[in-house]
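J.: You'll find entry.pdb just under this line, and it carries PDB, N, CA and C atoms, pLDDT in the B column.
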```pdb
ATOM      1  N   MET L   3     129.815  97.969 119.616  1.00 73.00           N
ATOM      2  CA  MET L   3     130.248  97.508 118.314  1.00 73.00           C
ATOM      3  C   MET L   3     129.213  96.572 117.692  1.00 73.00           C
ATOM      4  N   ALA L   4     128.666  95.672 118.505  1.00 77.00           N
ATOM      5  CA  ALA L   4     127.698  94.699 117.995  1.00 77.00           C
ATOM      6  C   ALA L   4     126.401  95.403 117.588  1.00 77.00           C
ATOM      7  N   SER L   5     125.998  96.431 118.353  1.00 82.00           N
ATOM      8  CA  SER L   5     124.759  97.133 118.011  1.00 82.00           C
ATOM      9  C   SER L   5     124.927  97.944 116.724  1.00 82.00           C
ATOM     10  N   SER L   6     126.100  98.479 116.479  1.00 83.00           N
ATOM     11  CA  SER L   6     126.354  99.204 115.237  1.00 83.00           C
ATOM     12  C   SER L   6     126.308  98.256 114.046  1.00 83.00           C
ATOM     13  N   LEU L   7     126.902  97.089 114.187  1.00 85.00           N
ATOM     14  CA  LEU L   7     126.893  96.093 113.124  1.00 85.00           C
ATOM     15  C   LEU L   7     125.478  95.608 112.850  1.00 85.00           C
ATOM     16  N   LEU L   8     124.693  95.426 113.898  1.00 86.00           N
ATOM     17  CA  LEU L   8     123.304  95.012 113.744  1.00 86.00           C
ATOM     18  C   LEU L   8     122.496  96.102 113.044  1.00 86.00           C
ATOM     19  N   SER L   9     122.718  97.345 113.412  1.00 87.00           N
ATOM     20  CA  SER L   9     122.009  98.471 112.777  1.00 87.00           C
ATOM     21  C   SER L   9     122.335  98.568 111.293  1.00 87.00           C
ATOM     22  N   ILE L  10     123.591  98.417 110.941  1.00 87.00           N
ATOM     23  CA  ILE L  10     124.000  98.468 109.534  1.00 87.00           C
ATOM     24  C   ILE L  10     123.393  97.299 108.765  1.00 87.00           C
ATOM     25  N   SER L  11     123.364  96.113 109.382  1.00 87.00           N
ATOM     26  CA  SER L  11     122.768  94.945 108.728  1.00 87.00           C
ATOM     27  C   SER L  11     121.279  95.145 108.489  1.00 87.00           C
ATOM     28  N   VAL L  12     120.576  95.705 109.459  1.00 85.00           N
ATOM     29  CA  VAL L  12     119.144  95.966 109.304  1.00 85.00           C
ATOM     30  C   VAL L  12     118.915  97.003 108.208  1.00 85.00           C
ATOM     31  N   LEU L  13     119.701  98.053 108.188  1.00 87.00           N
ATOM     32  CA  LEU L  13     119.572  99.086 107.159  1.00 87.00           C
ATOM     33  C   LEU L  13     119.833  98.506 105.772  1.00 87.00           C
ATOM     34  N   PHE L  14     120.846  97.678 105.650  1.00 83.00           N
ATOM     35  CA  PHE L  14     121.147  97.038 104.374  1.00 83.00           C
ATOM     36  C   PHE L  14     119.996  96.132 103.944  1.00 83.00           C
ATOM     37  N   GLY L  15     119.407  95.398 104.872  1.00 84.00           N
ATOM     38  CA  GLY L  15     118.255  94.545 104.561  1.00 84.00           C
ATOM     39  C   GLY L  15     117.052  95.349 104.101  1.00 84.00           C
ATOM     40  N   VAL L  16     116.810  96.482 104.733  1.00 86.00           N
ATOM     41  CA  VAL L  16     115.697  97.356 104.328  1.00 86.00           C
ATOM     42  C   VAL L  16     115.936  97.889 102.923  1.00 86.00           C
ATOM     43  N   LEU L  17     117.167  98.300 102.603  1.00 87.00           N
ATOM     44  CA  LEU L  17     117.475  98.788 101.269  1.00 87.00           C
ATOM     45  C   LEU L  17     117.296  97.690 100.216  1.00 87.00           C
ATOM     46  N   LEU L  18     117.722  96.483 100.509  1.00 83.00           N
ATOM     47  CA  LEU L  18     117.526  95.370  99.577  1.00 83.00           C
ATOM     48  C   LEU L  18     116.039  95.076  99.372  1.00 83.00           C
ATOM     49  N   GLY L  19     115.274  95.110 100.452  1.00 82.00           N
ATOM     50  CA  GLY L  19     113.834  94.887 100.344  1.00 82.00           C
ATOM     51  C   GLY L  19     113.152  95.961  99.528  1.00 82.00           C
ATOM     52  N   ALA L  20     113.531  97.222  99.732  1.00 83.00           N
ATOM     53  CA  ALA L  20     112.942  98.327  98.963  1.00 83.00           C
ATOM     54  C   ALA L  20     113.298  98.201  97.485  1.00 83.00           C
ATOM     55  N   THR L  21     114.540  97.803  97.197  1.00 80.00           N
ATOM     56  CA  THR L  21     114.948  97.615  95.803  1.00 80.00           C
ATOM     57  C   THR L  21     114.130  96.508  95.153  1.00 80.00           C
ATOM     58  N   PHE L  22     113.927  95.415  95.861  1.00 75.00           N
ATOM     59  CA  PHE L  22     113.128  94.309  95.338  1.00 75.00           C
ATOM     60  C   PHE L  22     111.696  94.767  95.064  1.00 75.00           C
ATOM     61  N   LEU L  23     111.088  95.494  95.993  1.00 74.00           N
ATOM     62  CA  LEU L  23     109.711  95.958  95.801  1.00 74.00           C
ATOM     63  C   LEU L  23     109.602  96.929  94.631  1.00 74.00           C
ATOM     64  N   LEU L  24     110.542  97.835  94.499  1.00 71.00           N
ATOM     65  CA  LEU L  24     110.511  98.778  93.378  1.00 71.00           C
ATOM     66  C   LEU L  24     110.595  98.052  92.045  1.00 71.00           C
ATOM     67  N   ARG L  25     111.442  97.054  91.957  1.00 69.00           N
ATOM     68  CA  ARG L  25     111.566  96.305  90.702  1.00 69.00           C
ATOM     69  C   ARG L  25     110.296  95.527  90.404  1.00 69.00           C
ATOM     70  N   ARG L  26     109.648  94.995  91.423  1.00 69.00           N
ATOM     71  CA  ARG L  26     108.402  94.253  91.218  1.00 69.00           C
ATOM     72  C   ARG L  26     107.267  95.182  90.799  1.00 69.00           C
ATOM     73  N   LEU L  27     107.200  96.363  91.380  1.00 67.00           N
ATOM     74  CA  LEU L  27     106.114  97.293  91.097  1.00 67.00           C
ATOM     75  C   LEU L  27     106.297  98.029  89.779  1.00 67.00           C
ATOM     76  N   ARG L  28     107.507  98.289  89.381  1.00 63.00           N
ATOM     77  CA  ARG L  28     107.762  99.114  88.203  1.00 63.00           C
ATOM     78  C   ARG L  28     108.083  98.302  86.957  1.00 63.00           C
ATOM     79  N   GLY L  29     108.159  97.019  87.019  1.00 54.00           N
ATOM     80  CA  GLY L  29     108.470  96.209  85.846  1.00 54.00           C
ATOM     81  C   GLY L  29     109.895  95.706  85.889  1.00 54.00           C
ATOM     82  N   THR L  30     110.395  95.332  84.748  1.00 53.00           N
ATOM     83  CA  THR L  30     111.727  94.747  84.678  1.00 53.00           C
ATOM     84  C   THR L  30     112.766  95.804  84.337  1.00 53.00           C
ATOM     85  N   ALA L  31     113.995  95.472  84.581  1.00 53.00           N
ATOM     86  CA  ALA L  31     115.150  96.314  84.236  1.00 53.00           C
ATOM     87  C   ALA L  31     115.001  97.743  84.745  1.00 53.00           C
ATOM     88  N   TRP L  32     114.671  97.874  86.026  1.00 49.00           N
ATOM     89  CA  TRP L  32     114.552  99.176  86.675  1.00 49.00           C
ATOM     90  C   TRP L  32     113.527 100.080  86.006  1.00 49.00           C
ATOM     91  N   GLY L  33     112.349  99.545  85.744  1.00 51.00           N
ATOM     92  CA  GLY L  33     111.262 100.360  85.227  1.00 51.00           C
ATOM     93  C   GLY L  33     111.087 100.324  83.730  1.00 51.00           C
ATOM     94  N   ARG L  34     112.059  99.809  83.005  1.00 55.00           N
ATOM     95  CA  ARG L  34     111.934  99.702  81.546  1.00 55.00           C
ATOM     96  C   ARG L  34     111.322  98.357  81.220  1.00 55.00           C
ATOM     97  N   ARG L  35     110.232  98.377  80.499  1.00 53.00           N
ATOM     98  CA  ARG L  35     109.578  97.126  80.118  1.00 53.00           C
ATOM     99  C   ARG L  35     110.173  96.623  78.813  1.00 53.00           C
ATOM    100  N   ALA L  36     110.118  95.334  78.621  1.00 56.00           N
ATOM    101  CA  ALA L  36     110.645  94.733  77.399  1.00 56.00           C
ATOM    102  C   ALA L  36     109.837  95.220  76.197  1.00 56.00           C
ATOM    103  N   VAL L  37     110.520  95.389  75.064  1.00 55.00           N
ATOM    104  CA  VAL L  37     109.867  95.836  73.844  1.00 55.00           C
ATOM    105  C   VAL L  37     108.820  94.810  73.449  1.00 55.00           C
ATOM    106  N   GLY L  38     107.642  95.281  73.084  1.00 55.00           N
ATOM    107  CA  GLY L  38     106.571  94.394  72.665  1.00 55.00           C
ATOM    108  C   GLY L  38     105.713  93.888  73.807  1.00 55.00           C
ATOM    109  N   GLN L  39     106.052  94.219  75.036  1.00 67.00           N
ATOM    110  CA  GLN L  39     105.291  93.748  76.179  1.00 67.00           C
ATOM    111  C   GLN L  39     103.993  94.528  76.338  1.00 67.00           C
ATOM    112  N   SER L  40     103.986  95.791  76.000  1.00 74.00           N
ATOM    113  CA  SER L  40     102.805  96.620  76.158  1.00 74.00           C
ATOM    114  C   SER L  40     102.005  96.660  74.861  1.00 74.00           C
ATOM    115  N   PRO L  41     100.671  96.543  74.952  1.00 83.00           N
ATOM    116  CA  PRO L  41      99.845  96.616  73.746  1.00 83.00           C
ATOM    117  C   PRO L  41      99.663  98.047  73.245  1.00 83.00           C
ATOM    118  N   ILE L  42     100.150  99.025  74.002  1.00 84.00           N
ATOM    119  CA  ILE L  42     100.010 100.433  73.625  1.00 84.00           C
ATOM    120  C   ILE L  42     101.367 100.975  73.201  1.00 84.00           C
ATOM    121  N   HIS L  43     101.412 101.609  72.029  1.00 87.00           N
ATOM    122  CA  HIS L  43     102.641 102.212  71.508  1.00 87.00           C
ATOM    123  C   HIS L  43     102.387 103.699  71.282  1.00 87.00           C
ATOM    124  N   ILE L  44     103.247 104.553  71.812  1.00 89.00           N
ATOM    125  CA  ILE L  44     103.138 105.995  71.598  1.00 89.00           C
ATOM    126  C   ILE L  44     103.934 106.323  70.338  1.00 89.00           C
ATOM    127  N   ALA L  45     103.216 106.723  69.274  1.00 90.00           N
ATOM    128  CA  ALA L  45     103.850 106.975  67.982  1.00 90.00           C
ATOM    129  C   ALA L  45     104.439 108.382  67.904  1.00 90.00           C
ATOM    130  N   ALA L  46     103.791 109.369  68.516  1.00 91.00           N
ATOM    131  CA  ALA L  46     104.275 110.751  68.451  1.00 91.00           C
ATOM    132  C   ALA L  46     103.714 111.549  69.619  1.00 91.00           C
ATOM    133  N   VAL L  47     104.478 112.550  70.030  1.00 92.00           N
ATOM    134  CA  VAL L  47     104.061 113.461  71.094  1.00 92.00           C
ATOM    135  C   VAL L  47     104.406 114.865  70.661  1.00 92.00           C
ATOM    136  N   ARG L  48     103.472 115.794  70.806  1.00 92.00           N
ATOM    137  CA  ARG L  48     103.722 117.194  70.423  1.00 92.00           C
ATOM    138  C   ARG L  48     103.200 118.102  71.537  1.00 92.00           C
ATOM    139  N   GLY L  49     104.100 118.854  72.140  1.00 91.00           N
ATOM    140  CA  GLY L  49     103.704 119.819  73.157  1.00 91.00           C
ATOM    141  C   GLY L  49     103.041 121.027  72.513  1.00 91.00           C
ATOM    142  N   LEU L  50     101.989 121.502  73.142  1.00 91.00           N
ATOM    143  CA  LEU L  50     101.258 122.654  72.611  1.00 91.00           C
ATOM    144  C   LEU L  50     101.479 123.916  73.441  1.00 91.00           C
ATOM    145  N   GLY L  51     102.290 123.825  74.445  1.00 88.00           N
ATOM    146  CA  GLY L  51     102.518 124.957  75.324  1.00 88.00           C
ATOM    147  C   GLY L  51     101.743 124.772  76.618  1.00 88.00           C
ATOM    148  N   GLY L  52     102.220 125.402  77.644  1.00 87.00           N
ATOM    149  CA  GLY L  52     101.591 125.193  78.943  1.00 87.00           C
ATOM    150  C   GLY L  52     101.744 123.743  79.343  1.00 87.00           C
ATOM    151  N   GLN L  53     100.661 123.156  79.758  1.00 88.00           N
ATOM    152  CA  GLN L  53     100.687 121.737  80.111  1.00 88.00           C
ATOM    153  C   GLN L  53      99.767 120.940  79.194  1.00 88.00           C
ATOM    154  N   ASN L  54      99.674 121.349  77.939  1.00 91.00           N
ATOM    155  CA  ASN L  54      98.826 120.685  76.951  1.00 91.00           C
ATOM    156  C   ASN L  54      99.681 119.968  75.930  1.00 91.00           C
ATOM    157  N   THR L  55      99.292 118.740  75.588  1.00 93.00           N
ATOM    158  CA  THR L  55     100.061 117.908  74.681  1.00 93.00           C
ATOM    159  C   THR L  55      99.129 117.107  73.790  1.00 93.00           C
ATOM    160  N   LEU L  56      99.527 116.933  72.534  1.00 94.00           N
ATOM    161  CA  LEU L  56      98.843 116.009  71.637  1.00 94.00           C
ATOM    162  C   LEU L  56      99.666 114.733  71.564  1.00 94.00           C
ATOM    163  N   VAL L  57      98.987 113.589  71.577  1.00 93.00           N
ATOM    164  CA  VAL L  57      99.658 112.291  71.548  1.00 93.00           C
ATOM    165  C   VAL L  57      98.976 111.415  70.511  1.00 93.00           C
ATOM    166  N   ILE L  58      99.770 110.741  69.691  1.00 93.00           N
ATOM    167  CA  ILE L  58      99.239 109.707  68.802  1.00 93.00           C
ATOM    168  C   ILE L  58      99.627 108.374  69.426  1.00 93.00           C
ATOM    169  N   ALA L  59      98.604 107.609  69.825  1.00 92.00           N
ATOM    170  CA  ALA L  59      98.819 106.311  70.450  1.00 92.00           C
ATOM    171  C   ALA L  59      98.273 105.219  69.543  1.00 92.00           C
ATOM    172  N   GLU L  60      99.001 104.126  69.444  1.00 90.00           N
ATOM    173  CA  GLU L  60      98.576 103.000  68.624  1.00 90.00           C
ATOM    174  C   GLU L  60      98.248 101.814  69.529  1.00 90.00           C
ATOM    175  N   VAL L  61      97.038 101.267  69.337  1.00 88.00           N
ATOM    176  CA  VAL L  61      96.576 100.121  70.109  1.00 88.00           C
ATOM    177  C   VAL L  61      96.005  99.098  69.141  1.00 88.00           C
ATOM    178  N   GLU L  62      96.594  97.921  69.096  1.00 84.00           N
ATOM    179  CA  GLU L  62      96.149  96.827  68.235  1.00 84.00           C
ATOM    180  C   GLU L  62      95.971  97.269  66.781  1.00 84.00           C
ATOM    181  N   GLY L  63      96.895  98.067  66.268  1.00 84.00           N
ATOM    182  CA  GLY L  63      96.863  98.496  64.875  1.00 84.00           C
ATOM    183  C   GLY L  63      95.998  99.712  64.603  1.00 84.00           C
ATOM    184  N   HIS L  64      95.327 100.237  65.596  1.00 89.00           N
ATOM    185  CA  HIS L  64      94.496 101.439  65.434  1.00 89.00           C
ATOM    186  C   HIS L  64      95.197 102.623  66.091  1.00 89.00           C
ATOM    187  N   ARG L  65      95.170 103.766  65.406  1.00 91.00           N
ATOM    188  CA  ARG L  65      95.800 104.976  65.947  1.00 91.00           C
ATOM    189  C   ARG L  65      94.738 105.954  66.441  1.00 91.00           C
ATOM    190  N   PHE L  66      95.052 106.580  67.557  1.00 93.00           N
ATOM    191  CA  PHE L  66      94.142 107.539  68.172  1.00 93.00           C
ATOM    192  C   PHE L  66      94.893 108.826  68.479  1.00 93.00           C
ATOM    193  N   LEU L  67      94.220 109.962  68.263  1.00 93.00           N
ATOM    194  CA  LEU L  67      94.762 111.263  68.643  1.00 93.00           C
ATOM    195  C   LEU L  67      94.191 111.603  70.005  1.00 93.00           C
ATOM    196  N   LEU L  68      95.083 111.832  70.966  1.00 94.00           N
ATOM    197  CA  LEU L  68      94.684 112.116  72.339  1.00 94.00           C
ATOM    198  C   LEU L  68      95.135 113.511  72.735  1.00 94.00           C
ATOM    199  N   GLY L  69      94.320 114.176  73.509  1.00 93.00           N
ATOM    200  CA  GLY L  69      94.688 115.452  74.103  1.00 93.00           C
ATOM    201  C   GLY L  69      94.985 115.234  75.576  1.00 93.00           C
ATOM    202  N   VAL L  70      96.154 115.651  76.012  1.00 92.00           N
ATOM    203  CA  VAL L  70      96.559 115.470  77.400  1.00 92.00           C
ATOM    204  C   VAL L  70      96.759 116.842  78.021  1.00 92.00           C
ATOM    205  N   SER L  71      96.102 117.071  79.152  1.00 91.00           N
ATOM    206  CA  SER L  71      96.228 118.346  79.849  1.00 91.00           C
ATOM    207  C   SER L  71      96.233 118.091  81.349  1.00 91.00           C
ATOM    208  N   ARG L  72      96.344 119.146  82.102  1.00 89.00           N
ATOM    209  CA  ARG L  72      96.321 119.035  83.552  1.00 89.00           C
ATOM    210  C   ARG L  72      95.005 118.406  84.018  1.00 89.00           C
ATOM    211  N   GLY L  73      93.922 118.667  83.286  1.00 89.00           N
ATOM    212  CA  GLY L  73      92.608 118.159  83.656  1.00 89.00           C
ATOM    213  C   GLY L  73      92.365 116.709  83.317  1.00 89.00           C
ATOM    214  N   GLY L  74      93.217 116.090  82.489  1.00 91.00           N
ATOM    215  CA  GLY L  74      93.034 114.691  82.149  1.00 91.00           C
ATOM    216  C   GLY L  74      93.411 114.395  80.714  1.00 91.00           C
ATOM    217  N   ILE L  75      92.924 113.251  80.226  1.00 91.00           N
ATOM    218  CA  ILE L  75      93.203 112.785  78.868  1.00 91.00           C
ATOM    219  C   ILE L  75      91.885 112.647  78.135  1.00 91.00           C
ATOM    220  N   SER L  76      91.822 113.197  76.905  1.00 92.00           N
ATOM    221  CA  SER L  76      90.610 113.126  76.092  1.00 92.00           C
ATOM    222  C   SER L  76      90.945 112.524  74.737  1.00 92.00           C
ATOM    223  N   THR L  77      90.054 111.671  74.249  1.00 92.00           N
ATOM    224  CA  THR L  77      90.198 111.139  72.897  1.00 92.00           C
ATOM    225  C   THR L  77      89.657 112.155  71.932  1.00 92.00           C
ATOM    226  N   ILE L  78      90.497 112.668  71.053  1.00 93.00           N
ATOM    227  CA  ILE L  78      90.071 113.652  70.061  1.00 93.00           C
ATOM    228  C   ILE L  78      89.480 112.923  68.860  1.00 93.00           C
ATOM    229  N   GLY L  79      90.098 111.828  68.462  1.00 92.00           N
ATOM    230  CA  GLY L  79      89.567 111.075  67.338  1.00 92.00           C
ATOM    231  C   GLY L  79      90.452 109.909  66.961  1.00 92.00           C
ATOM    232  N   ARG L  80      89.950 109.129  66.020  1.00 92.00           N
ATOM    233  CA  ARG L  80      90.691 107.987  65.493  1.00 92.00           C
ATOM    234  C   ARG L  80      91.331 108.400  64.171  1.00 92.00           C
ATOM    235  N   ILE L  81      92.564 108.012  63.957  1.00 90.00           N
ATOM    236  CA  ILE L  81      93.282 108.355  62.744  1.00 90.00           C
ATOM    237  C   ILE L  81      93.282 107.122  61.840  1.00 90.00           C
ATOM    238  N   ASP L  82      92.681 107.235  60.663  1.00 80.00           N
ATOM    239  CA  ASP L  82      92.607 106.129  59.722  1.00 80.00           C
ATOM    240  C   ASP L  82      93.583 106.347  58.580  1.00 80.00           C
ATOM    241  N   GLY L  83      93.908 105.287  57.865  1.00 70.00           N
ATOM    242  CA  GLY L  83      94.710 105.394  56.646  1.00 70.00           C
ATOM    243  C   GLY L  83      96.179 105.665  56.889  1.00 70.00           C
ATOM    244  N   HIS L  84      96.763 105.097  57.920  1.00 52.00           N
ATOM    245  CA  HIS L  84      98.200 105.284  58.162  1.00 52.00           C
ATOM    246  C   HIS L  84      98.967 104.080  57.647  1.00 52.00           C
ATOM    247  N   GLU L  85     100.238 104.293  57.411  1.00 51.00           N
ATOM    248  CA  GLU L  85     101.132 103.202  56.968  1.00 51.00           C
ATOM    249  C   GLU L  85     102.126 102.916  58.049  1.00 51.00           C
TER     250      GLU L  85
END
```
Give the structure from this file in structure tokens form.
T.:
Amino acid sequence: MASSLLSISVLFGVLLGATFLLRRLRGTAWGRRAVGQSPIHIAAVRGLGGQNTLVIAEVEGHRFLLGVSRGGISTIGRIDGHE
């Protein structure tokens, strides 16, 4: 009986430790970061089929068109004149 109780206590401690580490590694509120915490804002995402996507990302007031594919992320260009 005592060994079963000890095993359950150890398992519960491991689960609490894993939960604490996940919250520390992934940010606050179970992976959701507070609004305004990140300097990067994703304004739009458009799938092109397959595993290709166009993304408009805003960084410090500047917008960039990015191409995202299985091979990586490429900057296509800077978008000027937005409101």
J.: Can you measure atom C of L:Ser40 to atom C of L:Gly52 for me? One decimal in Å is fine.
T.: 27.5 Å
J.: I'd like the residues picked by the PyMOL selection byres ((chain L and resi 68-82) around 7) written out as a ChimeraX atom specification, using the chain letters and numbers from the file.
T.: /L:53-59,64-67,83-84
J.: When you draw a straight line from atom CA of L:Gly63 to atom CA of L:Ala45, how long is it in Å?
T.: 11.4 Å
J.: Neighbouring residues of L:Ile42 were defined as those with any atom within 6.5 Å, considering only N, CA and C atoms; residues of the same chain fewer than 6 positions away were excluded. Please report them as a ChimeraX atom specification.
T.: /L:59-62
J.: To one decimal place, how far is atom C of L:Ile44 from atom C of L:Phe22 in Å?
T.: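 Here the two named atoms are 28.4 Å from each other.
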J.: Can you sort out the box for stretch 4-23 of chain L, edges along x, y and z, all listed atoms in, 3 Å on every side, with centre and edge lengths in Å to one decimal, as JSON?
T.:
```
{"center_x": 119.1, "center_y": 96.8, "center_z": 106.6, "size_x": 25.1, "size_y": 10.9, "size_z": 29.9}
```
J.: Please identify the alpha helix (DSSP H) residues within stretch 4-82 of chain L (assignment by DSSP from backbone atoms) and present them as a list of chain:residue names.
T.: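 Answer for stretch 4-82 of chain L restricted to alpha helix (DSSP H) is L:Ala4, L:Ser5, L:Ser6, L:Leu7, L:Leu8, L:Ser9, L:Ile10, L:Ser11, L:Val12, L:Leu13, L:Phe14, L:Gly15, L:Val16, L:Leu17, L:Leu18, L:Gly19, L:Ala20, L:Thr21, L:Phe22, L:Leu23, L:Leu24, L:Arg25, L:Arg26, L:Leu27, L:Arg28.
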